[in-house]
file start01.pdb (PDB, C-alpha atoms)
ATOM      1  CA  MET A   9     -20.475  -7.663  82.075  1.00  0.00           C
ATOM      2  CA  ILE A  10     -22.430  -4.526  81.214  1.00  0.00           C
ATOM      3  CA  GLN A  11     -26.101  -4.795  80.234  1.00  0.00           C
ATOM      4  CA  ILE A  12     -27.417  -2.204  77.793  1.00  0.00           C
ATOM      5  CA  SER A  13     -30.967  -1.525  76.634  1.00  0.00           C
ATOM      6  CA  PRO A  14     -31.528  -1.965  72.877  1.00  0.00           C
ATOM      7  CA  ASP A  15     -32.775   1.651  72.886  1.00  0.00           C
ATOM      8  CA  ASN A  16     -29.274   2.868  73.803  1.00  0.00           C
ATOM      9  CA  THR A  17     -27.807   2.556  70.304  1.00  0.00           C
ATOM     10  CA  THR A  18     -25.193   5.233  71.006  1.00  0.00           C
ATOM     11  CA  GLN A  19     -23.671   3.127  73.802  1.00  0.00           C
ATOM     12  CA  ILE A  20     -23.835  -0.078  71.734  1.00  0.00           C
ATOM     13  CA  ILE A  21     -22.011   1.634  68.852  1.00  0.00           C
ATOM     14  CA  LYS A  22     -19.448   3.153  71.231  1.00  0.00           C
ATOM     15  CA  SER A  23     -18.834  -0.273  72.814  1.00  0.00           C
ATOM     16  CA  LEU A  24     -18.170  -1.895  69.427  1.00  0.00           C
ATOM     17  CA  LYS A  25     -15.918   0.934  68.264  1.00  0.00           C
ATOM     18  CA  SER A  26     -13.917   0.767  71.491  1.00  0.00           C
ATOM     19  CA  GLY A  27     -13.036  -2.915  70.986  1.00  0.00           C
ATOM     20  CA  LEU A  28     -15.546  -4.661  73.241  1.00  0.00           C
ATOM     21  CA  VAL A  29     -17.334  -7.945  72.517  1.00  0.00           C
ATOM     22  CA  VAL A  30     -21.051  -7.168  72.305  1.00  0.00           C
ATOM     23  CA  ALA A  31     -23.844  -9.767  72.456  1.00  0.00           C
ATOM     24  CA  LEU A  32     -26.852  -8.533  70.564  1.00  0.00           C
ATOM     25  CA  PRO A  33     -30.023  -9.916  69.034  1.00  0.00           C
ATOM     26  CA  THR A  34     -30.384 -10.700  65.352  1.00  0.00           C
ATOM     27  CA  GLU A  35     -33.447 -11.923  63.492  1.00  0.00           C
ATOM     28  CA  THR A  36     -32.170 -15.473  64.045  1.00  0.00           C
ATOM     29  CA  VAL A  37     -30.260 -15.994  67.329  1.00  0.00           C
ATOM     30  CA  TYR A  38     -28.122 -13.827  69.608  1.00  0.00           C
ATOM     31  CA  GLY A  39     -24.739 -13.016  68.129  1.00  0.00           C
ATOM     32  CA  LEU A  40     -21.380 -11.925  69.462  1.00  0.00           C
ATOM     33  CA  ALA A  41     -20.190  -8.953  67.435  1.00  0.00           C
ATOM     34  CA  ILE A  42     -16.870  -7.141  67.339  1.00  0.00           C
ATOM     35  CA  SER A  43     -15.296  -4.443  65.218  1.00  0.00           C
ATOM     36  CA  LEU A  44     -13.454  -5.877  62.219  1.00  0.00           C
ATOM     37  CA  ASN A  45     -10.484  -3.668  63.123  1.00  0.00           C
ATOM     38  CA  SER A  46     -10.001  -4.535  66.806  1.00  0.00           C
ATOM     39  CA  ALA A  47      -7.219  -7.047  67.481  1.00  0.00           C
ATOM     40  CA  THR A  48      -8.064  -7.023  71.200  1.00  0.00           C
ATOM     41  CA  ALA A  49     -11.727  -7.834  70.567  1.00  0.00           C
ATOM     42  CA  LEU A  50     -10.753 -10.598  68.120  1.00  0.00           C
ATOM     43  CA  GLU A  51      -8.486 -12.181  70.723  1.00  0.00           C
ATOM     44  CA  LYS A  52     -11.286 -12.093  73.305  1.00  0.00           C
ATOM     45  CA  LEU A  53     -13.834 -13.484  70.814  1.00  0.00           C
ATOM     46  CA  ILE A  54     -11.542 -16.428  70.016  1.00  0.00           C
ATOM     47  CA  TYR A  55     -11.163 -17.021  73.767  1.00  0.00           C
ATOM     48  CA  LEU A  56     -14.920 -16.822  74.452  1.00  0.00           C
ATOM     49  CA  LYS A  57     -15.748 -19.231  71.629  1.00  0.00           C
ATOM     50  CA  ARG A  58     -12.762 -21.497  72.400  1.00  0.00           C
ATOM     51  CA  ARG A  59     -12.150 -21.356  68.670  1.00  0.00           C
ATOM     52  CA  ASP A  60      -9.009 -22.961  67.259  1.00  0.00           C
ATOM     53  CA  ILE A  61      -7.886 -21.195  64.087  1.00  0.00           C
ATOM     54  CA  ASN A  62      -7.297 -24.657  62.553  1.00  0.00           C
ATOM     55  CA  SER A  63     -10.839 -25.848  63.305  1.00  0.00           C
ATOM     56  CA  GLY A  64     -12.118 -24.837  59.874  1.00  0.00           C
ATOM     57  CA  LYS A  65     -14.875 -22.772  61.490  1.00  0.00           C
ATOM     58  CA  ILE A  66     -14.590 -19.138  60.508  1.00  0.00           C
ATOM     59  CA  PHE A  67     -16.211 -16.095  62.097  1.00  0.00           C
ATOM     60  CA  THR A  68     -18.713 -14.443  59.772  1.00  0.00           C
ATOM     61  CA  LEU A  69     -17.882 -11.070  58.280  1.00  0.00           C
ATOM     62  CA  VAL A  70     -20.695  -8.528  58.249  1.00  0.00           C
ATOM     63  CA  PRO A  71     -20.116  -5.862  55.579  1.00  0.00           C
ATOM     64  CA  ASP A  72     -21.740  -2.504  56.299  1.00  0.00           C
ATOM     65  CA  SER A  73     -23.725  -2.733  53.036  1.00  0.00           C
ATOM     66  CA  VAL A  74     -24.533  -5.166  50.230  1.00  0.00           C
ATOM     67  CA  ASP A  75     -22.428  -3.047  47.862  1.00  0.00           C
ATOM     68  CA  SER A  76     -19.339  -3.457  50.054  1.00  0.00           C
ATOM     69  CA  ILE A  77     -19.393  -7.290  49.930  1.00  0.00           C
ATOM     70  CA  ILE A  78     -16.952  -7.127  47.006  1.00  0.00           C
ATOM     71  CA  ASN A  79     -14.354  -5.461  49.258  1.00  0.00           C
ATOM     72  CA  PHE A  80     -14.065  -8.705  51.228  1.00  0.00           C
ATOM     73  CA  ALA A  81     -15.289 -11.539  48.998  1.00  0.00           C
ATOM     74  CA  THR A  82     -15.618 -12.417  45.356  1.00  0.00           C
ATOM     75  CA  PRO A  83     -19.271 -13.135  44.482  1.00  0.00           C
ATOM     76  CA  THR A  84     -19.726 -16.171  42.253  1.00  0.00           C
ATOM     77  CA  LYS A  85     -22.236 -16.889  39.507  1.00  0.00           C
ATOM     78  CA  ILE A  86     -24.414 -18.889  41.895  1.00  0.00           C
ATOM     79  CA  SER A  87     -24.110 -16.427  44.789  1.00  0.00           C
ATOM     80  CA  THR A  88     -25.240 -13.303  42.911  1.00  0.00           C
ATOM     81  CA  PRO A  89     -28.973 -14.201  42.812  1.00  0.00           C
ATOM     82  CA  LEU A  90     -28.811 -15.329  46.470  1.00  0.00           C
ATOM     83  CA  ILE A  91     -27.282 -11.991  47.469  1.00  0.00           C
ATOM     84  CA  LYS A  92     -30.000 -10.097  45.594  1.00  0.00           C
ATOM     85  CA  LYS A  93     -32.799 -12.174  47.092  1.00  0.00           C
ATOM     86  CA  HIS A  94     -31.672 -12.884  50.671  1.00  0.00           C
ATOM     87  CA  ILE A  95     -29.131 -10.278  51.852  1.00  0.00           C
ATOM     88  CA  PRO A  96     -29.769  -8.675  54.254  1.00  0.00           C
ATOM     89  CA  GLY A  97     -31.412 -11.697  55.836  1.00  0.00           C
ATOM     90  CA  GLU A  98     -31.152 -15.096  57.479  1.00  0.00           C
ATOM     91  CA  ILE A  99     -28.437 -16.487  55.225  1.00  0.00           C
ATOM     92  CA  THR A 100     -24.661 -16.793  55.389  1.00  0.00           C
ATOM     93  CA  LEU A 101     -22.876 -17.262  52.081  1.00  0.00           C
ATOM     94  CA  ILE A 102     -19.440 -18.885  51.885  1.00  0.00           C
ATOM     95  CA  LEU A 103     -17.556 -17.117  49.102  1.00  0.00           C
ATOM     96  CA  PRO A 104     -13.988 -16.987  47.815  1.00  0.00           C
ATOM     97  CA  LYS A 105     -12.069 -14.334  49.735  1.00  0.00           C
ATOM     98  CA  ASN A 106     -11.187 -11.244  47.718  1.00  0.00           C
ATOM     99  CA  PRO A 107      -7.409 -11.670  47.181  1.00  0.00           C
ATOM    100  CA  GLU A 108      -6.928  -7.940  47.793  1.00  0.00           C
ATOM    101  CA  PHE A 109      -8.540  -8.126  51.243  1.00  0.00           C
ATOM    102  CA  SER A 110      -5.894  -8.465  53.925  1.00  0.00           C
ATOM    103  CA  HIS A 111      -6.731  -9.023  57.585  1.00  0.00           C
ATOM    104  CA  PRO A 112      -4.756 -10.773  60.362  1.00  0.00           C
ATOM    105  CA  TYR A 113      -7.596 -13.255  60.950  1.00  0.00           C
ATOM    106  CA  PHE A 114      -8.862 -13.846  57.404  1.00  0.00           C
ATOM    107  CA  ASN A 115      -5.376 -14.148  55.894  1.00  0.00           C
ATOM    108  CA  HIS A 116      -5.443 -17.748  57.201  1.00  0.00           C
ATOM    109  CA  PHE A 117      -8.412 -18.627  54.971  1.00  0.00           C
ATOM    110  CA  GLU A 118      -9.241 -18.782  51.263  1.00  0.00           C
ATOM    111  CA  THR A 119     -12.985 -18.444  51.792  1.00  0.00           C
ATOM    112  CA  ILE A 120     -15.082 -16.062  53.826  1.00  0.00           C
ATOM    113  CA  GLY A 121     -18.582 -16.271  55.288  1.00  0.00           C
ATOM    114  CA  ILE A 122     -20.685 -13.194  54.555  1.00  0.00           C
ATOM    115  CA  ARG A 123     -23.925 -12.268  56.297  1.00  0.00           C
ATOM    116  CA  ILE A 124     -25.831  -9.048  56.897  1.00  0.00           C
ATOM    117  CA  PRO A 125     -28.534  -9.450  59.553  1.00  0.00           C
ATOM    118  CA  LYS A 126     -31.871  -7.821  58.763  1.00  0.00           C
ATOM    119  CA  HIS A 127     -32.715  -7.129  62.436  1.00  0.00           C
ATOM    120  CA  PRO A 128     -33.610  -3.398  62.793  1.00  0.00           C
ATOM    121  CA  LEU A 129     -31.216  -2.823  65.725  1.00  0.00           C
ATOM    122  CA  PHE A 130     -28.359  -4.517  63.880  1.00  0.00           C
ATOM    123  CA  GLN A 131     -29.072  -2.453  60.757  1.00  0.00           C
ATOM    124  CA  THR A 132     -29.029   0.765  62.807  1.00  0.00           C
ATOM    125  CA  ILE A 133     -25.701   0.088  64.491  1.00  0.00           C
ATOM    126  CA  LEU A 134     -24.037  -1.300  61.353  1.00  0.00           C
ATOM    127  CA  ARG A 135     -24.488   2.036  59.570  1.00  0.00           C
ATOM    128  CA  GLU A 136     -22.320   3.624  62.280  1.00  0.00           C
ATOM    129  CA  THR A 137     -19.786   0.917  63.152  1.00  0.00           C
ATOM    130  CA  GLY A 138     -18.606  -0.207  59.742  1.00  0.00           C
ATOM    131  CA  PRO A 139     -17.877  -3.907  59.082  1.00  0.00           C
ATOM    132  CA  LEU A 140     -18.165  -6.317  61.987  1.00  0.00           C
ATOM    133  CA  LEU A 141     -17.258  -9.904  62.792  1.00  0.00           C
ATOM    134  CA  LEU A 142     -20.140 -12.027  64.037  1.00  0.00           C
ATOM    135  CA  THR A 143     -20.630 -15.463  65.534  1.00  0.00           C
ATOM    136  CA  SER A 144     -23.432 -17.115  67.480  1.00  0.00           C
ATOM    137  CA  ALA A 145     -23.543 -16.337  71.204  1.00  0.00           C
ATOM    138  CA  ASN A 146     -22.750 -19.713  72.723  1.00  0.00           C
ATOM    139  CA  PRO A 147     -19.709 -21.617  73.924  1.00  0.00           C
ATOM    140  CA  ARG A 148     -18.275 -24.143  71.455  1.00  0.00           C
ATOM    141  CA  GLY A 149     -20.746 -26.980  71.010  1.00  0.00           C
ATOM    142  CA  GLY A 150     -23.491 -25.175  72.955  1.00  0.00           C
ATOM    143  CA  THR A 151     -26.956 -24.130  71.857  1.00  0.00           C
ATOM    144  CA  PRO A 152     -27.083 -20.609  70.366  1.00  0.00           C
ATOM    145  CA  ALA A 153     -28.582 -18.075  72.775  1.00  0.00           C
ATOM    146  CA  ALA A 154     -32.159 -16.928  72.192  1.00  0.00           C
ATOM    147  CA  THR A 155     -32.258 -14.282  74.949  1.00  0.00           C
ATOM    148  CA  SER A 156     -29.901 -11.956  76.789  1.00  0.00           C
ATOM    149  CA  GLU A 157     -30.436 -14.147  79.870  1.00  0.00           C
ATOM    150  CA  ASP A 158     -29.057 -17.137  77.933  1.00  0.00           C
ATOM    151  CA  VAL A 159     -25.955 -15.109  77.054  1.00  0.00           C
ATOM    152  CA  SER A 160     -25.409 -13.928  80.634  1.00  0.00           C
ATOM    153  CA  LYS A 161     -25.718 -17.493  81.921  1.00  0.00           C
ATOM    154  CA  ASN A 162     -23.572 -19.258  79.326  1.00  0.00           C
ATOM    155  CA  LEU A 163     -21.013 -16.566  78.472  1.00  0.00           C
ATOM    156  CA  PRO A 164     -20.535 -14.512  81.646  1.00  0.00           C
ATOM    157  CA  LYS A 165     -17.251 -13.019  80.393  1.00  0.00           C
ATOM    158  CA  VAL A 166     -18.837 -11.177  77.454  1.00  0.00           C
ATOM    159  CA  ASP A 167     -18.132  -7.440  77.783  1.00  0.00           C
ATOM    160  CA  VAL A 168     -21.577  -6.099  76.865  1.00  0.00           C
ATOM    161  CA  VAL A 169     -25.008  -7.732  76.534  1.00  0.00           C
ATOM    162  CA  VAL A 170     -27.855  -5.937  74.806  1.00  0.00           C
ATOM    163  CA  THR A 171     -30.991  -6.964  76.690  1.00  0.00           C
ATOM    164  CA  GLY A 172     -33.916  -8.663  74.960  1.00  0.00           C
ATOM    165  CA  LYS A 173     -34.546 -11.670  72.778  1.00  0.00           C
ATOM    166  CA  ALA A 174     -33.599 -12.764  69.284  1.00  0.00           C
ATOM    167  CA  GLY A 175     -35.958 -13.421  66.387  1.00  0.00           C
ATOM    168  CA  ASN A 176     -36.887 -16.947  65.378  1.00  0.00           C
ATOM    169  CA  HIS A 177     -34.246 -18.830  67.442  1.00  0.00           C
ATOM    170  CA  ALA A 178     -32.963 -20.823  64.451  1.00  0.00           C
ATOM    171  CA  PRO A 179     -29.483 -19.953  63.149  1.00  0.00           C
ATOM    172  CA  SER A 180     -28.968 -18.664  59.612  1.00  0.00           C
ATOM    173  CA  THR A 181     -28.849 -21.005  56.646  1.00  0.00           C
ATOM    174  CA  ILE A 182     -25.214 -21.436  55.556  1.00  0.00           C
ATOM    175  CA  VAL A 183     -24.637 -21.954  51.838  1.00  0.00           C
ATOM    176  CA  ASP A 184     -21.280 -22.777  50.273  1.00  0.00           C
ATOM    177  CA  CYS A 185     -21.156 -20.884  46.976  1.00  0.00           C
ATOM    178  CA  THR A 186     -17.560 -21.706  46.062  1.00  0.00           C
ATOM    179  CA  LYS A 187     -18.376 -24.612  43.714  1.00  0.00           C
ATOM    180  CA  GLU A 188     -20.553 -24.866  40.590  1.00  0.00           C
ATOM    181  CA  THR A 189     -23.647 -25.751  42.595  1.00  0.00           C
ATOM    182  CA  PRO A 190     -24.606 -24.352  46.015  1.00  0.00           C
ATOM    183  CA  THR A 191     -24.251 -26.665  49.015  1.00  0.00           C
ATOM    184  CA  ILE A 192     -26.244 -26.126  52.198  1.00  0.00           C
ATOM    185  CA  LEU A 193     -23.902 -26.577  55.164  1.00  0.00           C
ATOM    186  CA  ARG A 194     -26.508 -25.698  57.788  1.00  0.00           C
ATOM    187  CA  GLN A 195     -30.263 -25.493  57.262  1.00  0.00           C
ATOM    188  CA  GLY A 196     -32.030 -22.516  58.804  1.00  0.00           C
ATOM    189  CA  GLU A 197     -35.349 -20.847  58.000  1.00  0.00           C
ATOM    190  CA  ILE A 198     -34.296 -19.967  54.427  1.00  0.00           C
ATOM    191  CA  ARG A 199     -34.653 -22.931  52.091  1.00  0.00           C
ATOM    192  CA  LEU A 200     -33.228 -22.977  48.572  1.00  0.00           C
TER     193      LEU A 200
END

call {"tool": "encode", "arguments": {"input": "start01.pdb", "output": "structure tokens"}}
result
Amino acid sequence: MIQISPDNTTQIIKSLKSGLVVALPTETVYGLAISLNSATALEKLIYLKRRDINSGKIFTLVPDSVDSIINFATPTKISTPLIKKHIPGEITLILPKNPEFSHPYFNHFETIGIRIPKHPLFQTILRETGPLLLTSANPRGGTPAATSEDVSKNLPKVDVVVTGKAGNHAPSTIVDCTKETPTILRQGEIRL
């Protein structure tokens, strides 16, 4: 495990682009991020999270901008105002997958979770890395990490840990926007 200062954005970006799993702070909890295009990193992320592809739990896709959400998902009538108001921010929206988006992981699913963290470090690296996959930094069933020390203790096989602490220590609000009315699947700081 390599520890990197949050000031070393060049090394964080290089780590993500080279296919490493990087634990970094968001405005909610610590996340594990990988490049959307790294099969090796995806395999390691699935291993670290002990995530069964049939579990129904899907890694969140982080587009590199609000405008690029449509490349991956199809916004719905109820999601459009939520996107305008809360993204970037502490919300994950479950949307229908864009049928033209093909990816070895997401091809197994009809929906896709979209989130863009508002954390300044995350925003800085996202401009350089392109789209990422993101999940909370904890083993399956564990409490999401609030600090880099939590990550090091609970996920010692992570490739890179950005030192520091996350924002408010509550995970993002997850909202299913695939039906006629929004359904909150997990309550975070954002309330609808």

call {"tool": "residues_around", "arguments": {"input": "start01.pdb", "residues": "Ile21 in chain A", "least_positions_apart": "4", "cutoff": "10 Å", "atoms": "only C-alpha atoms", "output": "number ranges by chain"}}
result
A: 16-17, 25-26, 30, 43, 132-138

call {"tool": "closest_residue", "arguments": {"input": "start01.pdb", "among": "A:Lys65, A:Asn162, A:Pro104, A:Arg199", "to": "Lys85 in chain A", "atoms": "all atoms listed in the file"}}
result
A:Pro104

call {"tool": "resolve_selection", "arguments": {"input": "start01.pdb", "expression": "the PyMOL selection byres ((chain A and resi 99) around 7)", "output": "NGL selection string"}}
result
:A and (94 or 97-98 or 100-101 or 123 or 180-182 or 198)

call {"tool": "residues_around", "arguments": {"input": "start01.pdb", "residues": "Thr34 in chain A", "least_positions_apart": "3", "cutoff": "6 Å", "atoms": "all atoms listed in the file", "output": "list in words"}}
result
Val37, Tyr38, His127 and Ala174 of chain A

call {"tool": "atom_distance", "arguments": {"input": "start01.pdb", "atom1": "CA of Val29 in chain A", "atom2": "CA of Ala178 in chain A"}}
result
21.8 Å

call {"tool": "residues_around", "arguments": {"input": "start01.pdb", "residues": "range 113-117 of chain A", "least_positions_apart": "2", "cutoff": "10 Å", "atoms": "only C-alpha atoms", "output": "PDB file with C-alpha atoms, keeping the file's coordinate frame"}}
result
ATOM      1  CA  LEU A  44     -13.454  -5.877  62.219  1.00  0.00           C
ATOM      2  CA  ALA A  47      -7.219  -7.047  67.481  1.00  0.00           C
ATOM      3  CA  LEU A  50     -10.753 -10.598  68.120  1.00  0.00           C
ATOM      4  CA  GLU A  51      -8.486 -12.181  70.723  1.00  0.00           C
ATOM      5  CA  ILE A  61      -7.886 -21.195  64.087  1.00  0.00           C
ATOM      6  CA  ASN A  62      -7.297 -24.657  62.553  1.00  0.00           C
ATOM      7  CA  GLY A  64     -12.118 -24.837  59.874  1.00  0.00           C
ATOM      8  CA  ILE A  66     -14.590 -19.138  60.508  1.00  0.00           C
ATOM      9  CA  PHE A  67     -16.211 -16.095  62.097  1.00  0.00           C
ATOM     10  CA  LEU A  69     -17.882 -11.070  58.280  1.00  0.00           C
ATOM     11  CA  PHE A  80     -14.065  -8.705  51.228  1.00  0.00           C
ATOM     12  CA  PRO A 104     -13.988 -16.987  47.815  1.00  0.00           C
ATOM     13  CA  LYS A 105     -12.069 -14.334  49.735  1.00  0.00           C
ATOM     14  CA  PRO A 107      -7.409 -11.670  47.181  1.00  0.00           C
ATOM     15  CA  PHE A 109      -8.540  -8.126  51.243  1.00  0.00           C
ATOM     16  CA  SER A 110      -5.894  -8.465  53.925  1.00  0.00           C
ATOM     17  CA  HIS A 111      -6.731  -9.023  57.585  1.00  0.00           C
ATOM     18  CA  THR A 119     -12.985 -18.444  51.792  1.00  0.00           C
ATOM     19  CA  ILE A 120     -15.082 -16.062  53.826  1.00  0.00           C
TER      20      ILE A 120
END

call {"tool": "closest_residue", "arguments": {"input": "start01.pdb", "among": "A:Gly27, A:Gln19, A:Glu35, A:Thr48", "to": "Gly196 in chain A", "atoms": "all atoms listed in the file"}}
result
A:Glu35

call {"tool": "atom_distance", "arguments": {"input": "start01.pdb", "atom1": "CA of Val74 in chain A", "atom2": "CA of Arg59 in chain A"}}
result
27.5 Å

call {"tool": "residues_near_point", "arguments": {"input": "start01.pdb", "point": "(-23.1, -13.6, 41.5)", "cutoff": "12 Å", "atoms": "only C-alpha atoms", "output": "JSON list (two decimals) with C-alpha atoms, keeping the file's coordinate frame"}}
result
[["chain", "number", "residue", "atom", "x", "y", "z"],
["A", 77, "ILE", "CA", -19.39, -7.29, 49.93],
["A", 78, "ILE", "CA", -16.95, -7.13, 47.01],
["A", 81, "ALA", "CA", -15.29, -11.54, 49.00],
["A", 82, "THR", "CA", -15.62, -12.42, 45.36],
["A", 83, "PRO", "CA", -19.27, -13.14, 44.48],
["A", 84, "THR", "CA", -19.73, -16.17, 42.25],
["A", 85, "LYS", "CA", -22.24, -16.89, 39.51],
["A", 86, "ILE", "CA", -24.41, -18.89, 41.90],
["A", 87, "SER", "CA", -24.11, -16.43, 44.79],
["A", 88, "THR", "CA", -25.24, -13.30, 42.91],
["A", 89, "PRO", "CA", -28.97, -14.20, 42.81],
["A", 90, "LEU", "CA", -28.81, -15.33, 46.47],
["A", 91, "ILE", "CA", -27.28, -11.99, 47.47],
["A", 92, "LYS", "CA", -30.00, -10.10, 45.59],
["A", 93, "LYS", "CA", -32.80, -12.17, 47.09],
["A", 101, "LEU", "CA", -22.88, -17.26, 52.08],
["A", 103, "LEU", "CA", -17.56, -17.12, 49.10],
["A", 104, "PRO", "CA", -13.99, -16.99, 47.82],
["A", 185, "CYS", "CA", -21.16, -20.88, 46.98],
["A", 186, "THR", "CA", -17.56, -21.71, 46.06],
["A", 188, "GLU", "CA", -20.55, -24.87, 40.59],
["A", 190, "PRO", "CA", -24.61, -24.35, 46.02]]

call {"tool": "atom_distance", "arguments": {"input": "start01.pdb", "atom1": "CA of Ser73 in chain A", "atom2": "CA of Leu53 in chain A"}}
result
23.0 Å

call {"tool": "resolve_selection", "arguments": {"input": "start01.pdb", "expression": "the PyMOL selection byres ((chain A and resi 168) around 6)", "output": "tab-separated table (two decimals) with C-alpha atoms, in the coordinates of the input"}}
result
chain	number	residue	atom	x	y	z
A	9	MET	CA	-20.48	-7.66	82.08
A	10	ILE	CA	-22.43	-4.53	81.21
A	11	GLN	CA	-26.10	-4.80	80.23
A	30	VAL	CA	-21.05	-7.17	72.31
A	166	VAL	CA	-18.84	-11.18	77.45
A	167	ASP	CA	-18.13	-7.44	77.78
A	169	VAL	CA	-25.01	-7.73	76.53

call {"tool": "resolve_selection", "arguments": {"input": "start01.pdb", "expression": "the PyMOL selection byres ((chain A and resi 163) around 10)", "output": "VMD selection string"}}
result
chain A and resid 9 31 56 to 57 145 to 147 153 157 to 162 164 to 167 169

call {"tool": "closest_residue", "arguments": {"input": "start01.pdb", "among": "A:Gly39, A:Pro71, A:Pro14, A:Gly172", "to": "Pro139 in chain A", "atoms": "all atoms listed in the file"}}
result
A:Pro71

call {"tool": "closest_residue", "arguments": {"input": "start01.pdb", "among": "A:Pro125, A:Pro96, A:Gly149, A:Pro112", "to": "Gly175 in chain A", "atoms": "all atoms listed in the file"}}
result
A:Pro125

call {"tool": "closest_residue", "arguments": {"input": "start01.pdb", "among": "A:Glu197, A:Asp184, A:Asp75, A:Asp15", "to": "Ile102 in chain A", "atoms": "only C-alpha atoms"}}
result
A:Asp184

call {"tool": "decode", "arguments": {"input": "start01.pdb", "residues": "range 40-64 of chain A", "atoms": "C-alpha atoms", "output": "PDB file, in the first residue's frame"}}
result
ATOM      1  CA  LEU A  40     -12.365   3.494  -3.599  1.00  0.00           C
ATOM      2  CA  ALA A  41     -11.915   4.856  -7.107  1.00  0.00           C
ATOM      3  CA  ILE A  42     -10.676   3.237 -10.293  1.00  0.00           C
ATOM      4  CA  SER A  43     -10.462   4.201 -13.938  1.00  0.00           C
ATOM      5  CA  LEU A  44     -13.594   3.232 -15.859  1.00  0.00           C
ATOM      6  CA  ASN A  45     -11.352   1.691 -18.526  1.00  0.00           C
ATOM      7  CA  SER A  46      -9.110  -0.555 -16.412  1.00  0.00           C
ATOM      8  CA  ALA A  47     -10.127  -4.226 -16.391  1.00  0.00           C
ATOM      9  CA  THR A  48      -7.328  -5.014 -13.923  1.00  0.00           C
ATOM     10  CA  ALA A  49      -8.481  -2.345 -11.470  1.00  0.00           C
ATOM     11  CA  LEU A  50     -12.097  -3.524 -11.795  1.00  0.00           C
ATOM     12  CA  GLU A  51     -11.069  -7.085 -10.968  1.00  0.00           C
ATOM     13  CA  LYS A  52      -9.167  -5.888  -7.892  1.00  0.00           C
ATOM     14  CA  LEU A  53     -12.061  -3.643  -6.788  1.00  0.00           C
ATOM     15  CA  ILE A  54     -14.494  -6.574  -6.982  1.00  0.00           C
ATOM     16  CA  TYR A  55     -12.025  -8.631  -4.922  1.00  0.00           C
ATOM     17  CA  LEU A  56     -11.525  -5.897  -2.295  1.00  0.00           C
ATOM     18  CA  LYS A  57     -15.265  -5.360  -1.875  1.00  0.00           C
ATOM     19  CA  ARG A  58     -16.041  -9.102  -2.075  1.00  0.00           C
ATOM     20  CA  ARG A  59     -18.750  -8.047  -4.495  1.00  0.00           C
ATOM     21  CA  ASP A  60     -20.741 -10.725  -6.311  1.00  0.00           C
ATOM     22  CA  ILE A  61     -21.947  -9.468  -9.688  1.00  0.00           C
ATOM     23  CA  ASN A  62     -25.343 -11.056  -8.893  1.00  0.00           C
ATOM     24  CA  SER A  63     -25.689  -9.211  -5.575  1.00  0.00           C
ATOM     25  CA  GLY A  64     -27.678  -6.376  -7.136  1.00  0.00           C
TER      26      GLY A  64
END
